[in-house]
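Okay, model29.pdb now, which holds PDB, C-alpha atoms:
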ATOM      1  CA  MET A 268       6.729  14.251-206.849
ATOM      2  CA  ALA A 269       5.873  11.646-209.393
ATOM      3  CA  GLU A 270       5.656  12.969-212.924
ATOM      4  CA  LYS A 271       4.245  11.090-215.836
ATOM      5  CA  LEU A 272       6.712  10.582-218.645
ATOM      6  CA  PRO A 273       5.613  12.148-221.951
ATOM      7  CA  ASN A 274       4.134   9.517-224.174
ATOM      8  CA  MET A 275       7.128   8.875-226.301
ATOM      9  CA  GLY A 276       5.953   7.059-229.360
ATOM     10  CA  ASP A 277       2.581   8.660-229.625
ATOM     11  CA  PRO A 278       1.335  11.606-231.630
ATOM     12  CA  THR A 279       0.717  14.735-229.629
ATOM     13  CA  GLY A 280      -2.422  15.537-231.541
ATOM     14  CA  GLU A 281      -3.393  16.377-235.052
ATOM     15  CA  ASP A 282      -0.334  18.574-235.385
ATOM     16  CA  PHE A 283       1.896  15.551-235.010
ATOM     17  CA  PRO A 284       4.567  15.609-237.631
ATOM     18  CA  LYS A 285       4.010  13.457-240.685
ATOM     19  CA  GLY A 286       6.980  12.357-242.686
ATOM     20  CA  PRO A 287       8.576   8.948-243.088
ATOM     21  CA  GLU A 288       7.222   6.316-240.718
ATOM     22  CA  VAL A 289       9.061   3.228-239.515
ATOM     23  CA  GLY A 290       9.867   1.111-242.567
ATOM     24  CA  GLU A 291       9.507   4.010-245.009
ATOM     25  CA  GLN A 292      12.293   5.591-247.010
ATOM     26  CA  VAL A 293      13.797   8.872-245.847
ATOM     27  CA  PRO A 294      14.506  11.540-248.456
ATOM     28  CA  GLU A 295      18.055  12.180-249.661
ATOM     29  CA  PHE A 296      19.423  15.650-249.110
ATOM     30  CA  THR A 297      22.472  17.884-249.523
ATOM     31  CA  LEU A 298      22.995  20.770-247.124
ATOM     32  CA  PRO A 299      25.918  23.002-246.166
ATOM     33  CA  ASP A 300      27.694  22.191-242.912
ATOM     34  CA  GLN A 301      29.146  24.596-240.338
ATOM     35  CA  ARG A 302      32.126  25.251-242.649
ATOM     36  CA  GLY A 303      29.928  25.887-245.679
ATOM     37  CA  ASN A 304      30.862  22.557-247.299
ATOM     38  CA  PRO A 305      28.045  20.566-248.901
ATOM     39  CA  VAL A 306      27.257  17.351-247.046
ATOM     40  CA  SER A 307      25.021  14.753-248.681
ATOM     41  CA  TYR A 308      22.949  11.980-247.299
ATOM     42  CA  LYS A 309      22.289   9.070-249.619
ATOM     43  CA  PRO A 310      21.946   5.471-248.383
ATOM     44  CA  ASP A 311      24.959   3.416-249.490
ATOM     45  CA  GLY A 312      23.805  -0.048-248.407
ATOM     46  CA  ARG A 313      26.619  -0.225-245.864
ATOM     47  CA  ARG A 314      26.058   2.356-243.189
ATOM     48  CA  LYS A 315      23.150   3.253-240.954
ATOM     49  CA  ALA A 316      22.385   6.847-240.112
ATOM     50  CA  LEU A 317      21.134   9.036-237.316
ATOM     51  CA  ILE A 318      19.353  12.148-238.587
ATOM     52  CA  LEU A 319      18.396  14.652-235.901
ATOM     53  CA  PHE A 320      16.434  17.841-236.258
ATOM     54  CA  HIS A 321      17.024  20.691-233.825
ATOM     55  CA  ARG A 322      14.821  23.662-233.227
ATOM     56  CA  SER A 323      17.861  25.897-233.178
ATOM     57  CA  ALA A 324      21.556  25.724-232.401
ATOM     58  CA  SER A 325      21.000  28.435-229.788
ATOM     59  CA  TRP A 326      19.253  26.082-227.408
TER      60      TRP A 326
ATOM     61  CA  MET B 189      27.239  18.129-225.951
ATOM     62  CA  GLU B 190      25.914  14.687-225.374
ATOM     63  CA  LEU B 191      26.030  13.594-228.990
ATOM     64  CA  GLN B 192      29.665  14.661-229.212
ATOM     65  CA  ASP B 193      30.461  12.569-226.119
ATOM     66  CA  HIS B 194      29.126   9.460-227.828
ATOM     67  CA  LEU B 195      30.148  10.313-231.360
ATOM     68  CA  ASP B 196      32.968   7.806-231.507
ATOM     69  CA  GLY B 197      30.482   5.104-230.548
ATOM     70  CA  PHE B 198      28.445   5.950-233.629
ATOM     71  CA  GLU B 199      31.458   6.348-235.902
ATOM     72  CA  ARG B 200      33.108   3.112-234.778
ATOM     73  CA  ASN B 201      29.933   1.314-235.693
ATOM     74  CA  GLY B 202      29.610   2.927-239.101
ATOM     75  CA  ILE B 203      26.618   5.064-238.199
ATOM     76  CA  GLN B 204      26.622   8.439-239.950
ATOM     77  CA  VAL B 205      25.370  11.357-237.910
ATOM     78  CA  TYR B 206      23.539  14.360-239.413
ATOM     79  CA  ALA B 207      22.204  17.163-237.243
ATOM     80  CA  ILE B 208      19.932  19.510-239.162
ATOM     81  CA  SER B 209      18.615  22.842-237.997
ATOM     82  CA  TYR B 210      16.990  25.971-239.243
ATOM     83  CA  ASP B 211      20.046  28.110-238.440
ATOM     84  CA  PRO B 212      22.318  29.690-241.027
ATOM     85  CA  VAL B 213      25.883  28.434-241.481
ATOM     86  CA  GLU B 214      27.426  31.310-239.470
ATOM     87  CA  THR B 215      25.350  30.457-236.391
ATOM     88  CA  LEU B 216      26.298  26.791-236.723
ATOM     89  CA  ALA B 217      29.987  27.687-237.098
ATOM     90  CA  LYS B 218      29.933  29.640-233.815
ATOM     91  CA  PHE B 219      28.049  26.862-232.081
ATOM     92  CA  ALA B 220      30.437  24.176-233.352
ATOM     93  CA  GLU B 221      33.454  26.154-232.216
ATOM     94  CA  ARG B 222      32.011  26.905-228.799
ATOM     95  CA  PHE B 223      31.070  23.327-228.047
ATOM     96  CA  HIS B 224      33.851  21.584-230.005
ATOM     97  CA  ILE B 225      31.430  19.823-232.331
ATOM     98  CA  THR B 226      33.089  17.637-234.927
ATOM     99  CA  TYR B 227      30.056  16.027-236.551
ATOM    100  CA  PRO B 228      28.222  17.861-239.361
ATOM    101  CA  LEU B 229      25.785  20.527-238.280
ATOM    102  CA  LEU B 230      23.683  21.115-241.347
ATOM    103  CA  SER B 231      22.003  24.343-242.252
ATOM    104  CA  ASP B 232      18.495  24.298-243.682
ATOM    105  CA  PRO B 233      17.444  27.953-243.430
ATOM    106  CA  ASP B 234      14.677  27.758-246.002
ATOM    107  CA  SER B 235      13.416  24.544-244.388
ATOM    108  CA  ALA B 236      13.585  22.639-247.662
ATOM    109  CA  THR B 237      14.869  19.432-246.091
ATOM    110  CA  ILE B 238      12.727  19.972-243.009
ATOM    111  CA  ARG B 239       9.749  20.044-245.371
ATOM    112  CA  LYS B 240      10.954  16.982-247.305
ATOM    113  CA  PHE B 241      10.932  15.119-244.012
ATOM    114  CA  GLY B 242       7.442  16.430-243.397
ATOM    115  CA  ILE B 243       8.250  17.804-239.963
ATOM    116  CA  LEU B 244       7.866  21.539-240.352
ATOM    117  CA  ASN B 245       6.334  22.963-237.212
ATOM    118  CA  ALA B 246       3.274  24.578-238.700
ATOM    119  CA  ASN B 247       2.207  25.997-235.348
ATOM    120  CA  MET B 248       4.487  28.981-235.714
ATOM    121  CA  PRO B 249       2.530  31.946-237.014
ATOM    122  CA  GLU B 250       3.309  33.641-240.321
ATOM    123  CA  GLY B 251       6.076  36.212-239.853
ATOM    124  CA  HIS B 252       7.346  34.666-236.608
ATOM    125  CA  PRO B 253      11.155  34.206-236.626
ATOM    126  CA  TRP B 254      10.686  30.523-235.842
ATOM    127  CA  ARG B 255       8.302  29.986-238.756
ATOM    128  CA  GLY B 256      10.586  27.485-240.498
ATOM    129  CA  VAL B 257      11.622  25.399-237.503
ATOM    130  CA  PRO B 258      11.155  21.673-237.411
ATOM    131  CA  TYR B 259       9.676  19.630-234.633
ATOM    132  CA  PRO B 260      12.686  18.375-232.735
ATOM    133  CA  GLY B 261      12.914  14.822-233.933
ATOM    134  CA  THR B 262      15.259  11.949-234.502
ATOM    135  CA  PHE B 263      15.248   9.419-237.311
ATOM    136  CA  MET B 264      17.311   6.248-236.955
ATOM    137  CA  VAL B 265      17.806   4.867-240.426
ATOM    138  CA  ASP B 266      19.095   1.544-241.798
ATOM    139  CA  GLU B 267      21.644   0.943-244.571
ATOM    140  CA  GLN B 268      18.945   1.197-247.245
ATOM    141  CA  GLY B 269      17.647   4.509-245.946
ATOM    142  CA  ARG B 270      14.543   3.123-244.256
ATOM    143  CA  VAL B 271      13.417   4.341-240.845
ATOM    144  CA  ILE B 272      14.182   1.875-238.042
ATOM    145  CA  GLU B 273      12.841   4.133-235.341
ATOM    146  CA  ARG B 274      11.762   7.730-235.054
ATOM    147  CA  SER B 275      11.072   9.773-232.007
ATOM    148  CA  PHE B 276       9.521  13.125-231.376
ATOM    149  CA  TYR B 277       8.871  14.819-228.114
ATOM    150  CA  ALA B 278       6.220  17.390-227.350
ATOM    151  CA  ASN B 279       8.790  19.276-225.325
ATOM    152  CA  HIS B 280      11.971  20.054-227.221
ATOM    153  CA  ALA B 281      13.933  20.057-223.975
ATOM    154  CA  VAL B 282      13.442  16.299-223.676
ATOM    155  CA  ARG B 283      15.466  14.234-226.091
ATOM    156  CA  ASP B 284      16.255  10.604-226.388
ATOM    157  CA  SER B 285      19.570   9.871-224.862
ATOM    158  CA  VAL B 286      22.082   9.038-227.561
ATOM    159  CA  ALA B 287      23.448   6.248-225.401
ATOM    160  CA  ARG B 288      19.974   4.785-225.351
ATOM    161  CA  MET B 289      19.695   5.092-229.143
ATOM    162  CA  LEU B 290      23.031   3.379-229.568
ATOM    163  CA  GLN B 291      22.058   0.592-227.210
ATOM    164  CA  GLU B 292      18.439   0.077-228.170
ATOM    165  CA  THR B 293      17.955   1.028-231.799
ATOM    166  CA  PHE B 294      21.338   0.503-233.319
ATOM    167  CA  ARG B 295      22.059  -2.359-230.917
ATOM    168  CA  VAL B 296      25.657  -1.355-230.483
ATOM    169  CA  ALA B 297      27.184  -3.817-228.060
ATOM    170  CA  ASP B 298      29.966  -1.564-226.891
ATOM    171  CA  ALA B 299      27.764   1.404-225.986
ATOM    172  CA  GLN B 300      28.849   3.109-222.821
ATOM    173  CA  ARG B 301      26.981   2.047-219.766
ATOM    174  CA  GLY B 302      26.765   3.163-216.229
ATOM    175  CA  GLU B 303      27.721   0.905-213.378
ATOM    176  CA  VAL B 304      26.383  -2.646-213.591
ATOM    177  CA  GLN B 305      24.993  -4.201-210.439
ATOM    178  CA  THR B 306      24.287  -7.901-209.944
ATOM    179  CA  VAL B 307      22.253  -9.347-207.096
ATOM    180  CA  LYS B 308      21.954 -13.087-206.579
ATOM    181  CA  ALA B 309      19.300 -14.896-204.554
ATOM    182  CA  SER B 310      18.884 -18.435-205.811
ATOM    183  CA  PRO B 311      17.080 -19.355-208.011
ATOM    184  CA  LEU B 312      17.408 -15.851-209.468
ATOM    185  CA  SER B 313      20.359 -13.720-210.495
ATOM    186  CA  VAL B 314      19.559 -10.140-211.447
ATOM    187  CA  THR B 315      21.822  -7.714-213.334
ATOM    188  CA  ALA B 316      20.806  -4.070-213.625
ATOM    189  CA  TYR B 317      22.325  -1.116-215.427
ATOM    190  CA  LEU B 318      21.474   2.245-216.951
ATOM    191  CA  SER B 319      22.312   3.232-220.523
ATOM    192  CA  SER B 320      24.804   5.762-219.184
ATOM    193  CA  GLY B 321      26.585   6.648-215.942
ATOM    194  CA  THR B 322      25.994  10.335-216.596
ATOM    195  CA  VAL B 323      22.849  12.314-217.290
ATOM    196  CA  ARG B 324      21.963  15.809-218.509
ATOM    197  CA  GLY B 325      18.861  17.876-217.972
ATOM    198  CA  GLY B 326      15.997  16.744-220.185
ATOM    199  CA  GLN B 327      17.653  13.465-221.023
ATOM    200  CA  VAL B 328      15.971  10.053-221.206
ATOM    201  CA  LEU B 329      17.969   6.991-220.230
ATOM    202  CA  THR B 330      17.043   3.320-220.311
ATOM    203  CA  PHE B 331      17.073   1.223-217.171
ATOM    204  CA  THR B 332      17.596  -2.459-217.951
ATOM    205  CA  VAL B 333      17.336  -5.461-215.674
ATOM    206  CA  GLU B 334      18.350  -8.919-216.883
ATOM    207  CA  VAL B 335      16.886 -11.749-214.846
ATOM    208  CA  GLU B 336      18.394 -15.240-215.007
ATOM    209  CA  ILE B 337      16.214 -17.988-213.570
ATOM    210  CA  GLU B 338      17.785 -21.338-212.717
ATOM    211  CA  GLN B 339      16.615 -24.299-214.736
ATOM    212  CA  GLY B 340      13.544 -25.980-213.338
ATOM    213  CA  TRP B 341      12.294 -22.759-211.755
ATOM    214  CA  HIS B 342       9.985 -20.055-213.031
ATOM    215  CA  ILE B 343       8.531 -16.728-211.943
ATOM    216  CA  TYR B 344       5.179 -15.262-212.937
ATOM    217  CA  GLY B 345       3.942 -12.755-215.479
ATOM    218  CA  ARG B 346       0.579 -11.121-216.010
ATOM    219  CA  PRO B 347      -2.305 -11.719-216.037
ATOM    220  CA  LEU B 348      -2.509 -13.926-212.959
ATOM    221  CA  PRO B 349      -5.265 -15.169-210.702
ATOM    222  CA  GLU B 350      -5.584 -13.844-207.142
ATOM    223  CA  GLY B 351      -3.024 -15.107-204.714
ATOM    224  CA  TYR B 352      -0.124 -15.342-207.155
ATOM    225  CA  VAL B 353       2.662 -12.792-207.188
ATOM    226  CA  PRO B 354       3.426 -11.399-210.632
ATOM    227  CA  THR B 355       6.960 -10.204-211.375
ATOM    228  CA  THR B 356       6.921  -6.461-210.770
ATOM    229  CA  LEU B 357       9.591  -3.800-211.197
ATOM    230  CA  THR B 358       9.079  -0.547-209.292
ATOM    231  CA  PHE B 359      11.153   2.589-208.717
ATOM    232  CA  GLU B 360      11.469   4.740-205.645
ATOM    233  CA  GLU B 361      10.296   8.267-206.340
ATOM    234  CA  VAL B 362      12.970  10.873-206.963
ATOM    235  CA  GLU B 363      12.090  14.566-207.109
ATOM    236  CA  GLY B 364      12.432  15.782-210.693
ATOM    237  CA  VAL B 365      12.700  12.319-212.223
ATOM    238  CA  ALA B 366       9.950  10.519-214.110
ATOM    239  CA  PHE B 367       9.964   6.771-214.656
ATOM    240  CA  GLY B 368       8.185   5.392-217.693
ATOM    241  CA  GLU B 369       6.050   2.292-217.761
ATOM    242  CA  VAL B 370       7.991  -0.917-217.419
ATOM    243  CA  ASP B 371       8.331  -2.936-220.581
ATOM    244  CA  TYR B 372       7.703  -6.551-219.493
ATOM    245  CA  PRO B 373       8.371  -9.371-221.962
ATOM    246  CA  ALA B 374       5.455 -11.590-222.951
ATOM    247  CA  PRO B 375       5.128 -14.483-220.494
ATOM    248  CA  ARG B 376       4.419 -18.003-221.695
ATOM    249  CA  PRO B 377       1.495 -20.101-220.578
ATOM    250  CA  TYR B 378       2.656 -22.707-218.111
ATOM    251  CA  ARG B 379       0.436 -25.675-217.426
ATOM    252  CA  PHE B 380       0.272 -26.920-213.848
ATOM    253  CA  GLU B 381      -1.287 -30.369-214.089
ATOM    254  CA  ALA B 382      -1.389 -30.849-210.314
ATOM    255  CA  LEU B 383      -3.460 -27.674-209.927
ATOM    256  CA  GLY B 384      -5.356 -28.047-213.163
ATOM    257  CA  GLU B 385      -4.403 -24.459-213.978
ATOM    258  CA  THR B 386      -2.542 -22.645-216.720
ATOM    259  CA  LEU B 387      -0.589 -19.643-215.509
ATOM    260  CA  HIS B 388       1.633 -17.062-217.205
ATOM    261  CA  ALA B 389       5.277 -17.585-216.372
ATOM    262  CA  TYR B 390       8.848 -16.684-217.228
ATOM    263  CA  GLU B 391      11.713 -19.149-217.417
ATOM    264  CA  GLY B 392      15.375 -18.910-218.336
ATOM    265  CA  ARG B 393      16.470 -15.353-219.076
ATOM    266  CA  ILE B 394      14.217 -12.326-219.357
ATOM    267  CA  VAL B 395      14.937  -8.632-219.764
ATOM    268  CA  LEU B 396      12.855  -5.790-218.362
ATOM    269  CA  LYS B 397      13.285  -2.160-219.329
ATOM    270  CA  ALA B 398      11.979   1.226-218.320
ATOM    271  CA  SER B 399      12.762   4.784-219.324
ATOM    272  CA  VAL B 400      14.078   7.357-216.897
ATOM    273  CA  LEU B 401      13.542  11.054-217.650
ATOM    274  CA  ASN B 402      15.729  13.494-215.759
ATOM    275  CA  ARG B 403      14.775  17.079-215.093
ATOM    276  CA  ARG B 404      17.165  17.640-212.201
ATOM    277  CA  ARG B 405      20.328  19.710-212.269
ATOM    278  CA  GLU B 406      22.224  17.333-210.050
ATOM    279  CA  GLY B 407      23.017  13.632-209.826
ATOM    280  CA  PHE B 408      20.796  11.084-208.159
ATOM    281  CA  VAL B 409      20.452   7.369-207.502
ATOM    282  CA  VAL B 410      17.964   5.140-209.304
ATOM    283  CA  LYS B 411      16.576   2.732-206.701
ATOM    284  CA  ALA B 412      14.610  -0.106-208.226
ATOM    285  CA  HIS B 413      12.854  -3.078-206.678
ATOM    286  CA  LEU B 414      12.001  -6.368-208.298
ATOM    287  CA  ARG B 415       9.260  -8.353-206.598
ATOM    288  CA  TYR B 416       8.631 -11.947-207.656
ATOM    289  CA  GLN B 417       7.745 -15.433-206.561
ATOM    290  CA  ALA B 418       9.813 -18.381-207.721
ATOM    291  CA  CYS B 419       8.320 -21.840-208.026
ATOM    292  CA  ASP B 420       9.481 -25.147-209.424
ATOM    293  CA  ASP B 421       7.133 -27.946-210.350
ATOM    294  CA  ARG B 422       6.711 -29.050-206.717
ATOM    295  CA  GLU B 423       6.800 -25.970-204.504
ATOM    296  CA  CYS B 424       6.813 -22.194-204.338
ATOM    297  CA  LEU B 425       9.307 -20.185-202.371
ATOM    298  CA  PRO B 426       7.933 -17.205-200.441
ATOM    299  CA  PRO B 427       7.655 -13.979-202.502
ATOM    300  CA  GLN B 428      10.940 -12.038-202.591
ATOM    301  CA  GLU B 429      11.972  -8.504-203.297
ATOM    302  CA  MET B 430      15.409  -7.539-204.587
ATOM    303  CA  GLY B 431      16.729  -4.001-204.701
ATOM    304  CA  VAL B 432      19.359  -2.332-206.858
ATOM    305  CA  GLU B 433      20.822   1.145-206.610
ATOM    306  CA  LEU B 434      22.430   2.757-209.639
ATOM    307  CA  PRO B 435      24.056   6.182-209.281
ATOM    308  CA  LEU B 436      24.001   8.853-211.974
ATOM    309  CA  LYS B 437      26.354  11.804-212.255
ATOM    310  CA  TYR B 438      24.932  15.017-213.627
ATOM    311  CA  LEU B 439      26.595  16.675-216.631
ATOM    312  CA  ASP B 440      25.897  20.312-217.399
ATOM    313  CA  ASN B 441      24.407  20.927-220.820
ATOM    314  CA  VAL B 442      27.044  23.482-221.679
ATOM    315  CA  LYS B 443      30.044  21.158-221.319
TER     316      LYS B 443
END

Could you render the structure as structure tokens?
Amino acid sequence: MAEKLPNMGDPTGEDFPKGPEVGEQVPEFTLPDQRGNPVSYKPDGRRKALILFHRSASW
Amino acid sequence: MELQDHLDGFERNGIQVYAISYDPVETLAKFAERFHITYPLLSDPDSATIRKFGILNANMPEGHPWRGVPYPGTFMVDEQGRVIERSFYANHAVRDSVARMLQETFRVADAQRGEVQTVKASPLSVTAYLSSGTVRGGQVLTFTVEVEIEQGWHIYGRPLPEGYVPTTLTFEEVEGVAFGEVDYPAPRPYRFEALGETLHAYEGRIVLKASVLNRRREGFVVKAHLRYQACDDRECLPPQEMGVELPLKYLDNVK
């Protein structure tokens, strides 16, 4: 049965997440990784980045 | 996991990967070991970074164990730290395919692709492929068709008057699969002096894309049809329809 694809770029209502929009700067951060080592994100002018947020690792 | 499968594609192209969740380090350690994850899984249990990114899911009630979770979202960021693209889905089970992100947003030329199929019927030559040859449940892939039109010929785009056949890409229905709207390039106005009309047309090489969302737990075949009418400056050939079939293998989410 045909199913409409969720509207991918569009807000899902007033509870749509805010946060950096296209063209805006993302915040820098330092967080521990799975080994407890601190990992930092800071743009270095050389590398792009992919930053993903998960609900939970126990998906 | 899918990201792990494509990780070397990101790393080879100098794209740093950060996966942030609300879980504590111990949970992430178990998860990483179980699924052989080598990229950083970052722990944000007090949601500080989640908040800095402004994506805390405020729908969770006070006291609920998921109170600090983020909306599941992806930010693709350039070398200066600016957002190139971001995507959020209402349903956390649906995520952008990483192959699609590599191909579309980061424009990585060597991204893995599924089988490529080419069909020729002069004056057109059509090449179609998916962003991956494998698919998981809840994954979105990109279907791409590249159309090469011989010099001197053109096909039509919208809007068009009655009687003309616009170039149209359609998909055969597959149970459990949703096809997104087709992204057609902008046609150019084409003046036909003999008819005293200006029509919208495509010449040379054009690329059409559409998203494919999979909710099945088994493989399937994407069957697409391209309908068009090719004309040169003297005559029009009868409308044609070309078909392509691209298979997808299903990958379990736990592999």

Check: which chain B residues lie within 6 Å of chain A using all atoms listed in the file, as a short mmCIF file (atom, residue, chain, number, x, y, z; two decimals) with C-alpha atoms, in the coordinates of the input:
data_model
loop_
_atom_site.label_atom_id
_atom_site.label_comp_id
_atom_site.auth_asym_id
_atom_site.auth_seq_id
_atom_site.Cartn_x
_atom_site.Cartn_y
_atom_site.Cartn_z
CA GLY B 202 29.61 2.93 -239.10
CA ILE B 203 26.62 5.06 -238.20
CA GLN B 204 26.62 8.44 -239.95
CA VAL B 205 25.37 11.36 -237.91
CA TYR B 206 23.54 14.36 -239.41
CA ALA B 207 22.20 17.16 -237.24
CA ILE B 208 19.93 19.51 -239.16
CA SER B 209 18.61 22.84 -238.00
CA VAL B 213 25.88 28.43 -241.48
CA LEU B 216 26.30 26.79 -236.72
CA ALA B 217 29.99 27.69 -237.10
CA PRO B 228 28.22 17.86 -239.36
CA LEU B 229 25.78 20.53 -238.28
CA LEU B 230 23.68 21.12 -241.35
CA SER B 231 22.00 24.34 -242.25
CA PHE B 241 10.93 15.12 -244.01
CA GLY B 242 7.44 16.43 -243.40
CA ILE B 243 8.25 17.80 -239.96
CA VAL B 257 11.62 25.40 -237.50
CA PRO B 258 11.16 21.67 -237.41
CA PRO B 260 12.69 18.38 -232.74
CA GLY B 261 12.91 14.82 -233.93
CA THR B 262 15.26 11.95 -234.50
CA PHE B 263 15.25 9.42 -237.31
CA MET B 264 17.31 6.25 -236.96
CA VAL B 265 17.81 4.87 -240.43
CA ASP B 266 19.10 1.54 -241.80
CA GLU B 267 21.64 0.94 -244.57
CA GLN B 268 18.94 1.20 -247.24
CA GLY B 269 17.65 4.51 -245.95
CA ARG B 270 14.54 3.12 -244.26
CA VAL B 271 13.42 4.34 -240.84
CA ILE B 272 14.18 1.88 -238.04
CA GLU B 273 12.84 4.13 -235.34
CA GLU B 363 12.09 14.57 -207.11
CA ALA B 366 9.95 10.52 -214.11
CA GLY B 368 8.18 5.39 -217.69
#

| Residues within 8 Å of B:Pro427, only C-alpha atoms, excluding chain neighbours under 2 positions, as number ranges by chain | B: 353, 415-418, 425, 429

| task | Quick one: apply the PyMOL selection byres ((chain B and resi 357) around 10) to the file and drop the selected residues here as a VMD selection string. | result | chain B and resid 333 354 to 356 358 to 359 369 to 372 396 to 398 412 to 416 429 to 431

| task | State, in Å with one decimal place, the distance from atom CA of B:Tyr210 to atom CA of B:Ser235. | result |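 Atom-to-atom, atom CA of B:Tyr210 and atom CA of B:Ser235 are spaced 6.4 Å apart.
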
For this structure, which residues satisfy the selection - the PyMOL selection byres ((chain B and resi 408) around 8) - when it is evaluated on the file as given? I want them as a short mmCIF file (atom, residue, chain, number, x, y, z; two decimals) with C-alpha atoms, keeping the file's coordinate frame.
data_model
loop_
_atom_site.label_atom_id
_atom_site.label_comp_id
_atom_site.auth_asym_id
_atom_site.auth_seq_id
_atom_site.Cartn_x
_atom_site.Cartn_y
_atom_site.Cartn_z
CA VAL B 362 12.97 10.87 -206.96
CA GLU B 406 22.22 17.33 -210.05
CA GLY B 407 23.02 13.63 -209.83
CA VAL B 409 20.45 7.37 -207.50
CA VAL B 410 17.96 5.14 -209.30
CA PRO B 435 24.06 6.18 -209.28
CA LEU B 436 24.00 8.85 -211.97
CA LYS B 437 26.35 11.80 -212.26
CA TYR B 438 24.93 15.02 -213.63
#

| said: One decimal, in Å: what's the spacing between atom CA of B:Phe380 and atom CA of B:Gly392? | reply: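 So the two atoms, atom CA of B:Phe380 and atom CA of B:Gly392, lie 17.7 Å apart.
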
| message | Under the rule that only C-alpha atoms are counted, which of B:Lys411, B:Arg274, B:Arg393, B:Arg376 is the nearest residue to B:Tyr317? | response | B:Lys411

| said: Report, in Å with one decimal, the straight-line distance from atom CA of B:Thr322 to atom CA of B:Val432. | reply: 17.3 Å

| message | Could you list, as a ChimeraX atom specification, every residue within 12 Å of stretch 349-351 of chain B, counting all atoms listed in the file and ignoring same-chain residues fewer than 6 positions away? | response | /B:385-388,417,426-427

Where's the centre, and what are the edge lengths in Å to one decimal, of a box along x, y and z enclosing all listed atoms of stretch 310-317 of chain A padded 8 Å per side, as AutoDock Vina command-line options?
--center_x 23.9 --center_y 4.4 --center_z -243.4 --size_x 21.5 --size_y 25.3 --size_z 28.2
